[in-house]
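Colleague: Starting off with a structure, shown below.
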Amino acid sequence: MAHPHSKYQDFEGLREQAVALRRAGLSRRQIRDRLHVDNNDILNRLLEGEPPPDWTNRPNAKDDLRERARELRLQGWTYDQIQVELGCSKSSISLWVRDLPAPERKKRTREEASAIAKRGWEATLRLRDEERQRTKLLAAREIGQMTDRELFLVGVGLYWAEGSKSKPYRRQERVTFVNSDPDMISLYLAWLRLLDVEPERLKFAVQIHETADITAAEEFWENHVGVERGAFLKTTIKKHNPSTNRKNIDENYYGCLRIDVRAGADLYRRIEGWWSGMVVEAKLRTA
């Protein structure tokens, strides 16, 4: 279910983007196309109080665009190319240049065709990335401020997905969490703090492949969790396996961080119980 204020937050997020684009000098049409807002009433609300850029207020602004469109058409540009260059609609371009002869279609070399296709694909990827970032931004704003209970439930699920668990054939009731994602580590530590786990009960250890920069990884995790080196156990070095097709081998690879909670048997039992309670509630909803 969407957050009760999600529609308001979505609008506020879009307004921030619209205002930023307006102040960057974009026209209403360009902003509409960039944000995919086809409703003029909504566009008016998004830009309320924002004056148009100076160039759109010039008496001859449209005349300048018309003349530039005609120049480009005479140079052999297509409607699509003129639209990208000037930010005008194809219908306006058609009106402005319809008396001009259509450009002669030259047979392109393979290299030219490839270059055009590459530019088109790059533009498509750019638009996709903008849409991806906009969706992520709006989604992030839907979360708002987490309550303690929300963090508590998220932490239980996170631990049960990523933390160590006792097995019937190997009874080990200990609280150990290993992950390579710094954000996951941050959320997990916030959860432990919510549970009043004392910092002195935590021990950390880096786990990393021998081919990586071990010193840099140790410094990275020390800085990330904000503790002195004494809270870290000896780093575990993983032997390099040439047959393993690993992707995370660039300069931003820092291995995994292991977090142990000392004297954690009672906490582990509570985590197991919390998770069981969540499963019971989930089954009731799907029965």
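Here, A, B, ... name the chains of the structure tokens in the order displayed, residue numbers run from 1 inside each chain, and ligands are numbered from 1 in the same displayed order.
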Please provide the set of residues having any atom within 9 Å of region 132-135 of chain A, restricted to only C-alpha atoms, with same-chain residues fewer than 6 positions apart removed, written as a PyMOL selection string.
Modeller: chain A and resi 13-14+17+35
Colleague: Store the residues picked out above, limited to N, CA, C and O atoms, as a JSON list (two decimals), in the first residue's frame.
Modeller:
[["chain", "number", "residue", "atom", "x", "y", "z"],
["A", 13, "GLY", "N", 8.05, 16.40, -5.37],
["A", 13, "GLY", "CA", 9.27, 16.00, -6.04],
["A", 13, "GLY", "C", 9.30, 16.46, -7.49],
["A", 13, "GLY", "O", 10.33, 16.95, -7.99],
["A", 14, "LEU", "N", 8.16, 16.32, -8.18],
["A", 14, "LEU", "CA", 8.08, 16.78, -9.57],
["A", 14, "LEU", "C", 8.23, 18.30, -9.63],
["A", 14, "LEU", "O", 8.86, 18.82, -10.55],
["A", 17, "GLN", "N", 11.81, 19.33, -9.51],
["A", 17, "GLN", "CA", 12.48, 19.11, -10.79],
["A", 17, "GLN", "C", 12.04, 20.15, -11.82],
["A", 17, "GLN", "O", 12.87, 20.67, -12.58],
["A", 35, "LEU", "N", 9.73, 15.75, -18.24],
["A", 35, "LEU", "CA", 9.11, 15.13, -17.06],
["A", 35, "LEU", "C", 7.90, 14.27, -17.40],
["A", 35, "LEU", "O", 7.29, 13.69, -16.51]]
Colleague: Going by DSSP on the backbone, which residues of region 202-277 of chain A come out as strand (DSSP E or B)? List them as a PyMOL selection string.
Modeller: chain A and resi 202-209+232+236-238+256-261
Colleague: Write out the residues from the selection above, keeping all heavy atoms, as a CSV table (one decimal), in the first residue's frame.
Modeller:
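Contents of part-v7.csv, as written:
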chain,number,residue,atom,x,y,z
A,202,LEU,N,30.2,-5.6,20.4
A,202,LEU,CA,30.3,-5.8,19.0
A,202,LEU,C,31.8,-6.0,18.6
A,202,LEU,O,32.7,-5.3,19.1
A,202,LEU,CB,29.8,-4.6,18.2
A,202,LEU,CG,28.3,-4.2,18.4
A,202,LEU,CD1,28.0,-3.1,17.5
A,202,LEU,CD2,27.4,-5.4,18.1
A,203,LYS,N,32.0,-7.0,17.8
A,203,LYS,CA,33.4,-7.3,17.2
A,203,LYS,C,33.2,-7.3,15.7
A,203,LYS,O,32.3,-7.9,15.2
A,203,LYS,CB,34.0,-8.6,17.8
A,203,LYS,CG,34.5,-8.4,19.2
A,203,LYS,CD,35.6,-7.5,19.3
A,203,LYS,CE,36.2,-7.3,20.7
A,203,LYS,NZ,37.3,-6.4,20.8
A,204,PHE,N,34.2,-6.8,15.0
A,204,PHE,CA,34.2,-6.7,13.6
A,204,PHE,C,35.4,-7.4,13.0
A,204,PHE,O,36.4,-7.5,13.6
A,204,PHE,CB,34.2,-5.2,13.1
A,204,PHE,CG,33.2,-4.3,13.7
A,204,PHE,CD1,33.4,-3.7,14.9
A,204,PHE,CD2,31.9,-4.2,13.1
A,204,PHE,CE1,32.4,-2.9,15.5
A,204,PHE,CE2,31.0,-3.4,13.6
A,204,PHE,CZ,31.2,-2.7,14.8
A,205,ALA,N,35.1,-7.9,11.7
A,205,ALA,CA,36.2,-8.6,11.0
A,205,ALA,C,36.0,-8.4,9.5
A,205,ALA,O,34.9,-8.6,9.0
A,205,ALA,CB,36.3,-10.1,11.4
A,206,VAL,N,37.0,-8.1,8.8
A,206,VAL,CA,37.0,-7.9,7.4
A,206,VAL,C,37.2,-9.3,6.7
A,206,VAL,O,38.1,-10.0,7.2
A,206,VAL,CB,38.0,-6.9,6.8
A,206,VAL,CG1,37.9,-6.9,5.3
A,206,VAL,CG2,37.7,-5.5,7.4
A,207,GLN,N,36.4,-9.6,5.7
A,207,GLN,CA,36.6,-10.9,4.9
A,207,GLN,C,36.8,-10.4,3.5
A,207,GLN,O,35.9,-9.8,2.9
A,207,GLN,CB,35.4,-11.8,5.1
A,207,GLN,CG,35.2,-12.3,6.5
A,207,GLN,CD,34.0,-13.1,6.6
A,207,GLN,OE1,33.2,-13.3,5.7
A,207,GLN,NE2,33.8,-13.7,7.8
A,208,ILE,N,38.0,-10.8,2.9
A,208,ILE,CA,38.3,-10.3,1.6
A,208,ILE,C,39.2,-11.2,0.8
A,208,ILE,O,40.0,-12.0,1.5
A,208,ILE,CB,39.0,-8.9,1.7
A,208,ILE,CG1,39.0,-8.1,0.4
A,208,ILE,CG2,40.3,-9.0,2.4
A,208,ILE,CD1,39.3,-6.6,0.6
A,209,HIS,N,39.2,-11.1,-0.5
A,209,HIS,CA,40.1,-12.0,-1.3
A,209,HIS,C,41.5,-11.4,-1.3
A,209,HIS,O,41.7,-10.2,-1.2
A,209,HIS,CB,39.5,-12.0,-2.8
A,209,HIS,CG,38.3,-12.9,-2.9
A,209,HIS,ND1,37.1,-12.4,-2.6
A,209,HIS,CD2,38.2,-14.2,-3.3
A,209,HIS,CE1,36.2,-13.4,-2.9
A,209,HIS,NE2,36.9,-14.5,-3.3
A,232,PHE,N,38.4,-4.5,15.8
A,232,PHE,CA,38.4,-5.4,14.7
A,232,PHE,C,39.2,-6.7,15.0
A,232,PHE,O,40.3,-6.6,15.6
A,232,PHE,CB,39.0,-4.7,13.5
A,232,PHE,CG,38.0,-3.9,12.7
A,232,PHE,CD1,37.5,-2.8,13.2
A,232,PHE,CD2,37.6,-4.3,11.4
A,232,PHE,CE1,36.5,-2.0,12.5
A,232,PHE,CE2,36.7,-3.6,10.7
A,232,PHE,CZ,36.2,-2.4,11.2
A,236,THR,N,40.1,-11.9,7.7
A,236,THR,CA,40.1,-13.3,7.0
A,236,THR,C,40.4,-13.1,5.5
A,236,THR,O,39.7,-12.4,4.8
A,236,THR,CB,38.7,-13.9,7.2
A,236,THR,OG1,38.4,-14.0,8.6
A,236,THR,CG2,38.6,-15.3,6.5
A,237,ILE,N,41.4,-13.8,5.1
A,237,ILE,CA,41.9,-13.7,3.7
A,237,ILE,C,41.3,-14.9,2.9
A,237,ILE,O,41.6,-16.0,3.3
A,237,ILE,CB,43.4,-13.6,3.6
A,237,ILE,CG1,44.0,-12.5,4.4
A,237,ILE,CG2,43.8,-13.4,2.1
A,237,ILE,CD1,43.5,-11.1,4.1
A,238,LYS,N,40.6,-14.6,1.9
A,238,LYS,CA,40.1,-15.7,1.0
A,238,LYS,C,41.0,-16.0,-0.1
A,238,LYS,O,41.5,-15.0,-0.8
A,238,LYS,CB,38.7,-15.3,0.5
A,238,LYS,CG,37.6,-15.0,1.5
A,238,LYS,CD,36.3,-14.5,0.9
A,238,LYS,CE,35.3,-14.1,1.9
A,238,LYS,NZ,34.1,-13.7,1.2
A,256,CYS,N,33.8,-8.1,2.5
A,256,CYS,CA,32.7,-8.1,3.4
A,256,CYS,C,33.1,-7.7,4.8
A,256,CYS,O,34.2,-7.9,5.2
A,256,CYS,CB,32.1,-9.5,3.4
A,256,CYS,SG,31.4,-10.1,1.8
A,257,LEU,N,32.1,-7.2,5.5
A,257,LEU,CA,32.3,-7.0,7.0
A,257,LEU,C,31.5,-7.9,7.8
A,257,LEU,O,30.3,-8.1,7.5
A,257,LEU,CB,31.9,-5.5,7.3
A,257,LEU,CG,32.2,-5.2,8.8
A,257,LEU,CD1,33.7,-5.1,9.0
A,257,LEU,CD2,31.6,-3.8,9.1
A,258,ARG,N,32.1,-8.6,8.7
A,258,ARG,CA,31.4,-9.5,9.6
A,258,ARG,C,31.3,-8.8,11.0
A,258,ARG,O,32.2,-8.2,11.5
A,258,ARG,CB,32.3,-10.8,9.8
A,258,ARG,CG,31.8,-11.7,10.9
A,258,ARG,CD,32.6,-13.0,11.0
A,258,ARG,NE,32.2,-13.7,12.2
A,258,ARG,CZ,32.5,-15.0,12.4
A,258,ARG,NH1,33.2,-15.6,11.4
A,258,ARG,NH2,32.2,-15.6,13.5
A,259,ILE,N,30.1,-8.9,11.5
A,259,ILE,CA,29.8,-8.3,12.8
A,259,ILE,C,29.3,-9.3,13.8
A,259,ILE,O,28.2,-10.0,13.5
A,259,ILE,CB,28.7,-7.2,12.7
A,259,ILE,CG1,29.1,-6.1,11.6
A,259,ILE,CG2,28.5,-6.5,14.0
A,259,ILE,CD1,28.1,-5.0,11.4
A,260,ASP,N,30.0,-9.6,14.8
A,260,ASP,CA,29.6,-10.5,15.9
A,260,ASP,C,29.1,-9.8,17.1
A,260,ASP,O,29.7,-8.8,17.5
A,260,ASP,CB,30.7,-11.4,16.3
A,260,ASP,CG,31.2,-12.4,15.2
A,260,ASP,OD1,30.3,-12.9,14.5
A,260,ASP,OD2,32.4,-12.5,14.9
A,261,VAL,N,28.0,-10.3,17.7
A,261,VAL,CA,27.5,-9.8,19.0
A,261,VAL,C,27.9,-10.8,20.0
A,261,VAL,O,27.5,-11.9,20.0
A,261,VAL,CB,26.0,-9.6,19.0
A,261,VAL,CG1,25.5,-9.1,20.3
A,261,VAL,CG2,25.5,-8.6,17.9
Colleague: Enumerate, as an MDAnalysis selection string, the complete set of residues in region 46-122 of chain A that a backbone-based DSSP assignment places in alpha helix (DSSP H).
Modeller: chainID A and resid 46 54:57 61:74 79:86 90:97 110:122
Colleague: Can you tell me how far CA of Glu198 (chain A) sits from CA of Asp266 (chain A), in Å to one decimal?
Modeller: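 These atoms are spaced 14.2 Å apart.
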Colleague: Env of region 175-179 of chain A: 9 Å cut, atoms = only C-alpha atoms, seq-sep filter 2 positions within chain, self excluded. Answer as a list in words.
Modeller: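 The neighbour list is Tyr159, Glu162, Gly163, Ser164, Lys165, Glu173, Asp181, Pro182, Met184, Ile185, Tyr188, Gln207, Gly255, Cys256, Leu257, Arg258, Ile259, Asp260, Val261, Arg262, Ala263, Gly264, Ala265, Leu267 and Tyr268 of chain A.
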Colleague: Rank A:Leu125, A:Val19, A:Ser92, A:Glu130 by their smallest atom-to-atom distance to His36 (chain A), using only C-alpha atoms, and report the top residue only.
Modeller: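 Counting only C-alpha atoms, the residue closest to His36 (chain A) is A:Glu130.
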Colleague: I'd like the contact shell of Pro101 (chain A) - 10 Å cut-off, only C-alpha atoms, skipping same-chain residues fewer than 4 positions apart - returned as a short mmCIF file (atom, residue, chain, number, x, y, z; two decimals) with N, CA, C and O atoms, in the first residue's frame.
Modeller:
data_model
loop_
_atom_site.label_atom_id
_atom_site.label_comp_id
_atom_site.auth_asym_id
_atom_site.auth_seq_id
_atom_site.Cartn_x
_atom_site.Cartn_y
_atom_site.Cartn_z
N ARG A 73 16.96 23.12 -41.92
CA ARG A 73 16.30 22.32 -42.95
C ARG A 73 17.02 22.45 -44.28
O ARG A 73 17.21 21.46 -45.01
N LEU A 74 17.44 23.67 -44.58
CA LEU A 74 18.16 23.89 -45.84
C LEU A 74 19.52 23.19 -45.83
O LEU A 74 20.08 22.89 -46.87
N GLY A 76 19.84 20.30 -44.73
CA GLY A 76 19.58 18.87 -44.89
C GLY A 76 19.18 18.15 -43.62
O GLY A 76 19.13 16.91 -43.60
N VAL A 97 8.72 24.95 -42.15
CA VAL A 97 9.62 24.57 -43.24
C VAL A 97 8.92 23.83 -44.37
O VAL A 97 9.59 23.34 -45.28
#
Colleague: Would you mind telling me which residue in A:Leu127, A:Asp213, A:Arg66, A:Lys234 lies nearest to Arg98 (chain A) when using only C-alpha atoms?
Modeller: A:Arg66
Colleague: To one decimal place, how far is CA of Cys88 (chain A) from CA of Ile31 (chain A) in Å?
Modeller: 11.6 Å
Colleague: Calculated over only C-alpha atoms, which of the candidates A:Tyr254, A:Leu194, A:Tyr169, A:Glu281 has the smallest distance to Phe220 (chain A)?
Modeller: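 Residue with the minimum atom-to-atom distance to Phe220 (chain A): A:Tyr254.
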Colleague: Which neighbours of Leu65 (chain A) fall inside 10 Å, counting only C-alpha atoms, when residues of the same chain fewer than 3 positions from it are skipped, and could you give them as a ChimeraX atom specification?
Modeller: /A:60-62,68-71,86-88,92-93,96
Colleague: Can you write out the residues you just picked, keeping C-alpha atoms, as a PDB file, in the first residue's frame?
Modeller:
ATOM      1  CA  ASN A  60      10.923  37.647 -31.698  1.00  0.00           C
ATOM      2  CA  ALA A  61      11.750  34.436 -29.839  1.00  0.00           C
ATOM      3  CA  LYS A  62       9.507  32.287 -32.045  1.00  0.00           C
ATOM      4  CA  ARG A  68      16.940  28.689 -37.254  1.00  0.00           C
ATOM      5  CA  ALA A  69      14.671  25.745 -38.156  1.00  0.00           C
ATOM      6  CA  ARG A  70      14.622  26.873 -41.802  1.00  0.00           C
ATOM      7  CA  GLU A  71      18.410  27.223 -41.838  1.00  0.00           C
ATOM      8  CA  LEU A  86      15.739  23.446 -30.884  1.00  0.00           C
ATOM      9  CA  GLY A  87      13.325  21.743 -28.480  1.00  0.00           C
ATOM     10  CA  CYS A  88      10.343  22.544 -30.710  1.00  0.00           C
ATOM     11  CA  SER A  92       5.666  23.645 -35.441  1.00  0.00           C
ATOM     12  CA  ILE A  93       8.710  22.641 -37.470  1.00  0.00           C
ATOM     13  CA  TRP A  96       7.812  26.575 -40.566  1.00  0.00           C
TER      14      TRP A  96
END
